[in-house]
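Q: The following file, entry14.txt, comprises compact mmCIF, C-alpha atoms and all ligand atoms:
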# COMPACT_ATOMS: atom_id res chain seq x y z
CA MET A 20 34.90 202.71 57.51
CA LYS A 21 36.69 206.03 57.73
CA ILE A 22 40.19 205.98 56.26
CA LYS A 23 42.62 208.89 56.24
CA ILE A 24 45.76 209.08 54.12
CA VAL A 25 48.46 211.40 55.36
CA SER A 26 51.10 212.02 52.74
CA PRO A 27 53.75 214.56 51.71
CA ASP A 28 52.82 213.77 48.09
CA HIS A 29 49.25 214.77 47.22
CA ALA A 30 49.33 213.07 43.79
CA HIS A 31 50.37 209.74 45.32
CA ALA A 32 47.70 210.06 48.01
CA THR A 33 45.07 210.62 45.30
CA ILE A 34 46.06 207.38 43.58
CA LEU A 35 45.82 205.46 46.85
CA GLN A 36 42.43 207.05 47.52
CA LYS A 37 41.13 205.95 44.12
CA TRP A 38 42.32 202.35 44.63
CA LEU A 39 40.63 202.14 48.03
CA LEU A 40 37.35 203.51 46.67
CA ASP A 41 37.44 201.26 43.61
CA ASP A 42 37.80 198.28 45.93
CA ASN A 43 34.94 199.36 48.18
CA PRO A 44 32.96 202.52 47.41
CA ALA A 45 31.35 202.38 50.88
CA ARG A 46 34.65 203.48 52.41
CA GLN A 47 35.10 207.11 53.27
CA VAL A 48 38.65 208.04 52.24
CA LEU A 49 40.11 211.44 53.11
CA ILE A 50 43.50 212.92 52.29
CA SER A 51 45.44 215.03 54.73
CA ASP A 52 48.31 217.11 53.40
CA GLY A 53 49.25 218.25 56.88
CA GLY A 54 52.10 216.67 58.80
CA LEU A 55 51.79 213.99 61.43
CA ASP A 56 51.95 216.55 64.22
CA ALA A 57 48.67 218.16 63.22
CA LEU A 58 46.87 214.81 63.41
CA THR A 59 48.32 213.94 66.77
CA HIS A 60 46.52 216.78 68.43
CA ASP A 61 43.16 216.42 66.73
CA LYS A 62 41.00 214.97 69.51
CA ASN A 63 37.89 214.90 67.34
CA ASP A 64 39.51 212.71 64.75
CA ASN A 65 37.37 209.56 64.41
CA THR A 66 39.45 207.89 61.73
CA ASP A 67 39.33 204.08 61.73
CA ILE A 68 42.41 203.44 59.62
CA LEU A 69 45.23 205.91 59.18
CA ILE A 70 47.56 205.32 56.25
CA VAL A 71 50.87 207.03 56.77
CA ASP A 72 52.69 207.45 53.47
CA GLY A 73 56.44 207.90 53.24
CA TYR A 74 57.31 208.24 56.92
CA CYS A 75 60.39 206.15 57.69
CA PRO A 76 62.04 207.46 60.81
CA GLU A 77 65.66 206.77 61.66
CA GLU A 78 66.48 204.93 64.86
CA GLN A 79 67.05 208.15 66.80
CA GLU A 80 63.48 209.21 65.94
CA PHE A 81 61.81 206.05 67.24
CA ASP A 82 60.66 207.79 70.39
CA GLY A 83 58.70 210.21 68.27
CA LEU A 84 57.07 207.32 66.45
CA GLU A 85 56.09 205.73 69.74
CA ARG A 86 54.62 208.98 71.06
CA TYR A 87 52.74 209.45 67.84
CA ALA A 88 51.38 205.91 67.83
CA ALA A 89 50.14 206.40 71.39
CA ALA A 90 48.55 209.77 70.71
CA HIS A 91 46.78 209.31 67.40
CA HIS A 92 43.08 208.62 67.45
CA ALA A 93 42.77 206.09 64.64
CA ARG A 94 42.01 202.50 65.55
CA SER A 95 44.70 201.16 63.29
CA LEU A 96 47.76 202.37 61.39
CA ILE A 97 49.19 201.28 58.07
CA PHE A 98 52.65 202.52 57.11
CA LEU A 99 53.91 202.82 53.54
CA CYS A 100 57.63 202.93 53.80
CA ASN A 101 60.47 202.00 51.48
CA ASP A 102 63.12 199.63 52.83
CA PRO A 103 62.30 199.93 56.51
CA SER A 104 65.26 198.88 58.65
CA ALA A 105 64.96 195.77 60.81
CA GLY A 106 65.10 198.12 63.83
CA LEU A 107 62.14 200.13 62.53
CA LEU A 108 60.08 196.99 61.83
CA LEU A 109 60.78 195.71 65.30
CA LYS A 110 59.81 199.05 66.84
CA MET A 111 56.59 199.10 64.84
CA MET A 112 55.76 195.60 65.95
CA GLN A 113 56.38 196.53 69.58
CA ILE A 114 53.99 199.45 69.41
CA GLY A 115 51.27 197.43 67.74
CA ILE A 116 51.58 198.50 64.10
CA ARG A 117 50.71 195.36 62.17
CA GLU A 118 50.86 196.51 58.57
CA VAL A 119 53.94 197.93 56.86
CA LEU A 120 53.86 198.06 53.05
CA PRO A 121 56.38 199.35 50.51
CA ARG A 122 55.75 202.90 49.32
CA LEU A 123 55.39 201.70 45.77
CA VAL A 124 52.51 199.55 46.89
CA THR A 125 50.13 197.91 44.44
CA SER A 126 46.38 198.34 44.59
CA GLU A 127 46.05 194.63 45.46
CA SER A 128 48.39 194.61 48.44
CA LEU A 129 47.05 197.93 49.80
CA ASN A 130 43.46 196.73 49.60
CA ALA A 131 44.40 193.34 51.05
CA ALA A 132 45.97 195.07 54.08
CA VAL A 133 42.97 197.37 54.54
CA ARG A 134 40.57 194.42 54.26
CA ARG A 135 42.58 192.48 56.86
CA THR A 136 42.30 195.43 59.19
CA GLU A 137 38.57 195.85 58.56
CA GLN A 138 38.13 192.13 59.22
CA SER A 139 39.95 192.35 62.53
CA PHE A 140 37.65 195.24 63.59
CA ALA A 141 34.65 193.10 62.71
CA THR A 142 35.82 190.17 64.85
CA GLN A 143 36.71 192.50 67.74
CA SER A 144 33.31 194.15 67.80
CA VAL A 145 31.30 190.93 67.79
CA HIS A 146 33.18 189.21 70.61
CA SER A 147 30.77 186.67 71.94
CA GLY A 148 31.66 184.09 74.55
CA LYS A 149 30.28 180.62 74.40
CA VAL A 150 27.58 179.71 76.92
CA ILE A 151 27.74 176.05 77.97
CA ALA A 152 25.12 174.57 80.30
CA PHE A 153 25.65 171.47 82.45
CA ILE A 154 22.55 169.57 83.47
CA ALA A 155 22.65 166.70 85.94
CA CYS A 156 20.23 163.97 84.93
CA LYS A 157 19.98 162.96 88.59
CA GLY A 158 21.53 164.09 91.84
CA GLY A 159 25.13 163.04 92.05
CA SER A 160 25.71 162.71 88.27
CA GLY A 161 28.86 164.79 88.58
CA ALA A 162 27.61 167.89 86.75
CA THR A 163 28.98 170.35 89.30
CA PHE A 164 32.30 168.57 89.56
CA LEU A 165 32.72 168.43 85.76
CA ALA A 166 31.54 172.00 85.08
CA THR A 167 33.72 173.63 87.75
CA ASN A 168 36.76 171.60 86.77
CA LEU A 169 36.30 172.10 83.04
CA GLY A 170 36.27 175.84 83.79
CA TYR A 171 39.59 175.51 85.57
CA VAL A 172 41.14 173.46 82.75
CA LEU A 173 39.89 175.91 80.10
CA ALA A 174 41.37 178.85 81.98
CA GLN A 175 44.69 177.09 82.63
CA GLN A 176 45.10 175.59 79.21
CA GLN A 177 44.31 178.72 77.26
CA THR A 178 44.46 182.39 78.00
CA ASP A 179 40.70 182.64 77.78
CA LYS A 180 38.52 184.34 80.35
CA VAL A 181 36.16 181.86 81.95
CA MET A 182 33.30 182.26 84.39
CA LEU A 183 30.88 179.80 85.91
CA VAL A 184 27.42 180.68 87.16
CA ASP A 185 25.97 178.45 89.87
CA LEU A 186 22.28 178.25 89.04
CA ASN A 187 21.45 175.71 91.76
CA LEU A 188 19.62 178.57 93.40
CA GLN A 189 18.50 176.75 96.53
CA ILE A 190 21.56 174.70 97.47
CA GLY A 191 24.42 175.68 95.17
CA ASP A 192 27.95 174.99 96.32
CA ALA A 193 29.88 175.01 93.03
CA ALA A 194 32.49 177.50 94.25
CA LEU A 195 33.59 175.07 96.94
CA TYR A 196 34.52 172.40 94.37
CA VAL A 197 37.45 174.50 93.18
CA SER A 198 38.16 176.86 96.07
CA ASP A 199 38.41 176.73 99.83
CA HIS A 200 37.31 180.36 100.12
CA LEU A 201 33.76 181.39 100.82
CA PRO A 202 32.34 183.70 98.16
CA SER A 203 31.65 187.22 99.38
CA ASN A 204 29.11 187.96 96.64
CA THR A 205 26.49 185.78 95.03
CA LEU A 206 24.08 185.76 92.14
CA ALA A 207 21.54 187.43 94.44
CA ASP A 208 23.85 190.47 94.85
CA VAL A 209 24.12 190.70 91.09
CA ALA A 210 20.33 190.47 90.75
CA VAL A 211 19.65 193.18 93.31
CA ASN A 212 22.23 195.50 91.72
CA ILE A 213 21.46 194.64 88.12
CA ALA A 214 20.91 198.30 87.18
CA ARG A 215 24.54 199.18 87.88
CA MET A 216 25.95 196.03 86.35
CA ASP A 217 29.03 196.49 84.21
CA ALA A 218 32.21 194.57 83.43
CA SER A 219 34.05 195.59 86.60
CA PHE A 220 31.04 194.97 88.85
CA LEU A 221 30.64 191.53 87.32
CA HIS A 222 34.35 190.81 87.72
CA SER A 223 34.29 191.83 91.38
CA SER A 224 31.23 189.67 92.06
CA LEU A 225 33.11 186.48 91.18
CA LEU A 226 35.10 184.28 93.49
CA HIS A 227 38.38 184.09 91.60
CA VAL A 228 40.02 180.70 91.43
CA LEU A 229 42.53 181.93 88.82
CA PRO A 230 42.95 185.48 87.52
CA ASN A 231 41.03 184.38 84.39
CA TYR A 232 38.54 182.06 86.08
CA GLY A 233 35.83 183.13 88.48
CA VAL A 234 32.70 181.55 89.92
CA LEU A 235 29.48 183.45 90.51
CA ALA A 236 28.17 181.61 93.54
CA ALA A 237 24.57 180.68 94.21
CA PRO A 238 22.60 182.73 96.76
CA ASP A 239 23.19 181.60 100.32
CA ASP A 240 19.56 181.23 101.35
CA VAL A 241 16.14 180.58 99.91
CA GLU A 242 14.90 184.10 100.50
CA ARG A 243 17.79 185.60 98.57
CA ALA A 244 17.40 182.97 95.84
CA ALA A 245 13.87 184.26 95.26
CA GLN A 246 15.33 187.66 94.32
CA VAL A 247 16.87 186.18 91.16
CA LYS A 248 14.50 186.67 88.21
CA PRO A 249 14.77 185.56 84.58
CA ALA A 250 15.37 189.13 83.37
CA HIS A 251 18.45 189.33 85.63
CA ILE A 252 19.87 186.20 84.01
CA GLU A 253 19.30 187.65 80.57
CA THR A 254 21.15 190.88 81.41
CA LEU A 255 23.91 188.99 83.19
CA LEU A 256 24.56 186.58 80.32
CA THR A 257 24.42 189.29 77.67
CA LEU A 258 27.17 191.16 79.49
CA ALA A 259 29.10 187.99 80.31
CA ARG A 260 29.21 187.01 76.64
CA LYS A 261 30.92 190.29 75.81
CA GLU A 262 33.47 189.97 78.60
CA TYR A 263 34.25 186.25 78.85
CA ASP A 264 35.22 183.57 76.35
CA TYR A 265 33.38 180.79 78.13
CA ILE A 266 30.40 181.06 80.45
CA LEU A 267 29.66 177.74 82.10
CA LEU A 268 26.28 177.24 83.74
CA ASP A 269 25.79 174.69 86.50
CA MET A 270 22.05 174.24 86.01
CA GLY A 271 21.02 171.81 88.69
CA ARG A 272 17.96 169.72 87.97
CA THR A 273 14.92 171.97 88.21
CA LEU A 274 13.74 173.52 84.99
CA ASP A 275 12.11 176.72 86.22
CA ALA A 276 11.73 180.16 84.64
CA VAL A 277 15.23 181.24 85.67
CA SER A 278 16.96 178.14 84.38
CA LEU A 279 14.93 178.18 81.17
CA MET A 280 16.08 181.72 80.50
CA ALA A 281 19.66 180.57 81.03
CA LEU A 282 19.18 177.53 78.83
CA ASP A 283 17.71 179.72 76.16
CA GLN A 284 21.06 181.49 75.92
CA ALA A 285 23.14 178.32 75.89
CA ASP A 286 25.10 177.41 72.79
CA LEU A 287 25.70 173.90 74.08
CA VAL A 288 24.12 171.71 76.72
CA PHE A 289 26.13 168.95 78.38
CA LEU A 290 23.82 166.37 79.84
CA VAL A 291 25.63 164.43 82.57
CA LEU A 292 24.50 160.92 83.31
CA GLN A 293 25.85 157.64 84.55
CA GLU A 294 25.48 154.24 83.03
CA ASN A 295 22.52 152.90 84.94
CA LEU A 296 18.81 152.77 84.38
CA PRO A 297 17.54 155.57 86.65
CA PHE A 298 20.01 158.03 85.06
CA ILE A 299 19.11 156.92 81.54
CA ARG A 300 15.38 157.27 82.28
CA ASP A 301 15.91 160.81 83.54
CA ALA A 302 18.19 161.63 80.64
CA ARG A 303 15.43 160.62 78.25
CA ARG A 304 12.91 162.78 80.09
CA ILE A 305 15.26 165.79 79.97
CA ILE A 306 16.09 165.29 76.29
CA GLU A 307 12.37 165.20 75.54
CA SER A 308 11.80 168.42 77.52
CA LEU A 309 14.69 170.09 75.72
CA ARG A 310 13.35 168.96 72.40
CA ALA A 311 9.89 170.31 73.29
CA LEU A 312 11.65 173.60 73.97
CA ASP A 313 13.13 173.48 70.48
CA TYR A 314 16.68 172.49 71.32
CA GLY A 315 18.19 170.78 68.33
CA ARG A 316 20.14 167.58 68.89
CA ASP A 317 23.28 169.33 67.73
CA LYS A 318 23.09 171.50 70.85
CA ILE A 319 22.97 168.57 73.28
CA ARG A 320 26.03 166.51 74.22
CA LEU A 321 25.85 163.41 76.36
CA LEU A 322 28.57 162.94 78.94
CA VAL A 323 28.60 159.54 80.58
CA ASN A 324 30.39 160.05 83.88
CA ARG A 325 32.02 157.50 86.18
CA TYR A 326 32.23 155.14 83.24
CA GLU A 327 33.63 151.67 83.84
CA LYS A 328 34.04 149.07 81.15
CA GLY A 329 32.15 145.78 81.45
CA GLY A 330 28.96 147.02 83.14
CA ASP A 331 25.52 145.51 82.51
CA ILE A 332 24.59 148.43 80.29
CA THR A 333 26.80 149.30 77.33
CA ILE A 334 27.34 152.65 75.64
CA GLU A 335 25.46 151.25 72.63
CA ASP A 336 22.46 150.56 74.92
CA VAL A 337 22.59 154.16 76.15
CA GLU A 338 22.80 155.50 72.62
CA ARG A 339 19.99 153.32 71.37
CA THR A 340 17.69 154.24 74.27
CA LEU A 341 18.38 157.94 74.02
CA GLY A 342 18.49 158.08 70.24
CA MET A 343 21.73 160.01 70.14
CA SER A 344 25.43 159.30 70.39
CA VAL A 345 27.47 159.71 73.53
CA TYR A 346 29.86 162.63 73.18
CA ARG A 347 32.36 161.33 75.73
CA THR A 348 32.76 158.95 78.61
CA ILE A 349 34.52 160.17 81.76
CA PRO A 350 36.22 157.41 83.75
CA ASN A 351 35.45 156.64 87.35
CA SER A 352 38.36 157.85 89.43
CA TYR A 353 37.21 157.64 92.98
CA ARG A 354 40.32 158.54 94.93
CA ASN A 355 41.49 161.66 93.07
CA VAL A 356 37.99 163.02 92.50
CA ALA A 357 37.14 162.54 96.17
CA SER A 358 40.27 164.41 97.31
CA SER A 359 39.60 167.19 94.80
CA VAL A 360 36.01 167.62 95.98
CA ASN A 361 36.83 167.26 99.69
CA LEU A 362 39.72 169.73 99.61
CA GLY A 363 38.13 172.17 97.17
CA VAL A 364 41.17 171.82 94.89
CA PRO A 365 40.71 171.39 91.12
CA ILE A 366 41.51 167.88 89.95
CA LEU A 367 44.13 169.28 87.57
CA LYS A 368 46.08 170.35 90.66
CA VAL A 369 45.42 167.12 92.53
CA SER A 370 46.67 165.03 89.63
CA ALA A 371 47.61 166.37 86.22
CA HIS A 372 47.63 162.85 84.78
CA ASP A 373 44.46 161.47 86.28
CA PRO A 374 42.30 160.03 83.47
CA VAL A 375 39.51 162.43 84.48
CA THR A 376 41.90 165.39 84.14
CA GLU A 377 42.96 164.16 80.71
CA CYS A 378 39.37 163.81 79.65
CA LEU A 379 38.57 167.37 80.75
CA GLN A 380 41.62 168.58 78.83
CA ALA A 381 40.37 166.82 75.71
CA ILE A 382 36.93 168.44 76.07
CA ALA A 383 38.55 171.85 76.59
CA ALA A 384 40.70 171.40 73.50
CA ASP A 385 37.66 170.35 71.53
CA LEU A 386 35.71 173.41 72.62
CA GLY A 387 38.67 175.66 71.89
CA SER A 388 39.15 174.45 68.38
CA LYS A 389 35.48 174.89 67.57
CA ALA A 390 34.76 178.06 69.49
CA LYS A 391 37.63 180.17 68.26
CA PRO A 392 37.34 182.20 65.12
CA PRO A 393 40.51 181.89 63.03
CA ARG A 394 43.10 184.20 64.51
CA SER A 395 43.80 187.30 62.49
CA GLU A 396 47.00 187.08 60.59
CA GLY A 397 50.13 187.78 62.55
CA TRP A 398 52.41 190.63 61.84
CA LEU A 399 55.09 188.60 60.12
CA ALA A 400 52.57 186.81 57.96
CA SER A 401 51.15 190.13 56.84
CA LEU A 402 54.60 191.35 55.87
CA LEU A 403 55.16 188.24 53.81
CA HIS A 404 52.18 189.12 51.69
CA HIS A 405 53.88 191.88 49.80
N1 LIG B 501 34.43 160.82 87.35
C1 LIG B 501 34.22 160.65 88.65
N2 LIG B 501 34.87 159.69 89.33
C2 LIG B 501 34.66 159.50 90.63
N3 LIG B 501 33.80 160.22 91.38
C3 LIG B 501 33.12 161.21 90.78
C4 LIG B 501 33.29 161.48 89.38
N4 LIG B 501 32.50 162.54 89.08
C5 LIG B 501 31.85 162.89 90.21
N5 LIG B 501 32.21 162.10 91.24
C6 LIG B 501 31.72 162.15 92.62
O1 LIG B 501 30.32 162.32 92.57
C7 LIG B 501 29.90 163.22 93.55
C8 LIG B 501 28.73 164.04 93.04
O2 LIG B 501 29.18 164.94 92.03
P1 LIG B 501 28.49 166.35 91.80
O3 LIG B 501 28.24 167.02 93.08
O4 LIG B 501 29.30 167.04 90.80
O5 LIG B 501 27.10 165.89 91.19
P2 LIG B 501 25.92 166.79 90.64
O6 LIG B 501 25.47 166.15 89.38
O7 LIG B 501 26.29 168.20 90.60
O8 LIG B 501 24.81 166.53 91.75
P3 LIG B 501 23.67 167.49 92.34
O9 LIG B 501 22.47 167.21 91.52
O10 LIG B 501 23.55 167.02 93.73
O11 LIG B 501 24.14 168.91 92.23
C9 LIG B 501 31.10 164.09 93.86
O12 LIG B 501 31.17 164.33 95.22
C10 LIG B 501 32.29 163.31 93.39
O13 LIG B 501 32.99 162.82 94.50
MG MG B 502 25.56 169.87 91.51
How does this structure look as structure tokens?
Ligand SMILES: Nc1ncnc2c1ncn2[C@@H]1O[C@H](COP(=O)(O)OP(=O)(O)OP(=O)(O)O)[C@@H](O)[C@H]1O
Ligand SMILES: [Mg+2]
A:
Amino acid sequence: MKIKIVSPDHAHATILQKWLLDDNPARQVLISDGGLDALTHDKNDNTDILIVDGYCPEEQEFDGLERYAAAHHARSLIFLCNDPSAGLLLKMMQIGIREVLPRLVTSESLNAAVRRTEQSFATQSVHSGKVIAFIACKGGSGATFLATNLGYVLAQQQTDKVMLVDLNLQIGDAALYVSDHLPSNTLADVAVNIARMDASFLHSSLLHVLPNYGVLAAPDDVERAAQVKPAHIETLLTLARKEYDYILLDMGRTLDAVSLMALDQADLVFLVLQENLPFIRDARRIIESLRALDYGRDKIRLLVNRYEKGGDITIEDVERTLGMSVYRTIPNSYRNVASSVNLGVPILKVSAHDPVTECLQAIAADLGSKAKPPRSEGWLASLLHH
């Protein structure tokens, strides 16, 4: 971590430097006696945290502060400033300065602010979206419907970026569950162009249902499907994790080399079944295959779809047979689900209060609360620390 202290008072800067090094000797802490202007123009400056000591501009100088904040090359700024006016604090907040400490700062509060900043760098640099696979135990389980609609709910409910990859390579039609537009690009285009794959290429390959939700459609014919290789999936998902908060995979039912590569990257697997014997038999077979591939039980979640109370087979029967608990039941809601699927309109838009919609919202909330690292402290909270 490279920290630079810019101060009109060399003696004070030396004390600050000592405190920062005592707290963590691995830090590199430099002192600059020059003014702010000199730093602004130094394009080679690779400072991570810039501590600006004793600079408290008056309201008429705020423009200068804004220009400076835009032009400096540090990743983060900490201001030490006595009695900043409310106007100055507001201005600082608007231009993204999160830490303002009194000039007569203590070693504890200075180091706490620097550690908070270092922590926020650490969480920024390891952004990693969650990969969630949906496997249908049998045709017609509802895996595509649930995956595509959960994606929509996640994107609507939160500000997260969500993408879905349709891995039903032969006959995928996931995009049409939530959109009435035909996709112009597919997974095969991504595979063929994998060498020039980057965030904007990936973004433009998706069929966007919402600005923060896109579907990467399955190839449109068998020949093109054959162009998709496991290595492409690995590259695609590695990039997707960096760019998206949730990557949903509609796996289909065949476990081939491509889908195994995708599954290998999954943090969670939702196994979609219904409450009757053929589904339960297939669920058991899939759980056994997953277990043989070293998937821990904690990675697998059972979703019993089209659930209706009072059937011949109870949830307890399912749990006993499969040796694991059911994560959630999704009610049968024929009319609204049928109109959603037939019109290509997400069920949330068809009916915000349908029990299926509410269930998807609960799953989304559950994922959100577990997937999110604790948010870094807000600006006001950080001010309250001193
Ligand atoms: N909770 C539900 N209530 C009522 N109908 C549902 C529900 N979930 C799914 N369906 C219906 O089941 C049909 C099949 O769903 P879907 O296509 O998602 O299954 P799948 O598991 O992806 O099957 P495949 O293996 O063919 O890809 C849908 O057309 C939808 O109308
Ligand atoms: Mg499907």
Q: At a cut-off of 9 Å and counting all atoms listed in the file, what residues surround ligand LIG 501 (chain B)? Please answer as a PyMOL selection string.
A: chain A and resi 153-167+187+190-193+196+269-272+291-292+324-326+349-361+374-375
Q: As an exercise, work out the distance from CA of Ala141 in chain A to CA of Asn65 in chain A in Å and give it to one decimal place.
A: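 Calculated distance between CA of Ala141 in chain A and CA of Asn65 in chain A is 16.8 Å.
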Q: My list of candidates is A:Leu321, A:Leu255, A:Leu312, A:Val172. Which is closest to Asn212 in chain A when distances are computed with only C-alpha atoms?
A: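 Result for the nearest residue to Asn212 in chain A: A:Leu255.
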Q: CA of Pro103 in chain A to CA of Trp38 in chain A: how many Å, to one decimal?
A: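 Taking CA of Pro103 in chain A and CA of Trp38 in chain A, their separation equals 23.4 Å.
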Q: Would you please work out which residue, of A:Leu235, A:Met112, A:Met20, A:Ile334, is nearest to Leu40 in chain A when using only C-alpha atoms?
A: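 For Leu40 in chain A, the nearest of the candidates is A:Met20.
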Q: So, counting all atoms listed in the file, which residue among A:Leu123, A:Ala88, A:Ala214, A:Ala237 is closest to ligand MG 502 (chain B)?
A: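 Counting all atoms listed in the file, the residue closest to ligand MG 502 (chain B) is A:Ala237.
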Q: CA of Leu290 in chain A to CA of Arg316 in chain A: how many Å, to one decimal?
A: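 Those two atoms sit 11.6 Å apart.
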Q: Restricting the calculation to all atoms listed in the file: of A:Gln175, A:Ser95, A:Thr125, A:Thr136, which residue gets closest to Leu229 in chain A?
A: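 Selected residue with least distance to Leu229 in chain A: A:Gln175.
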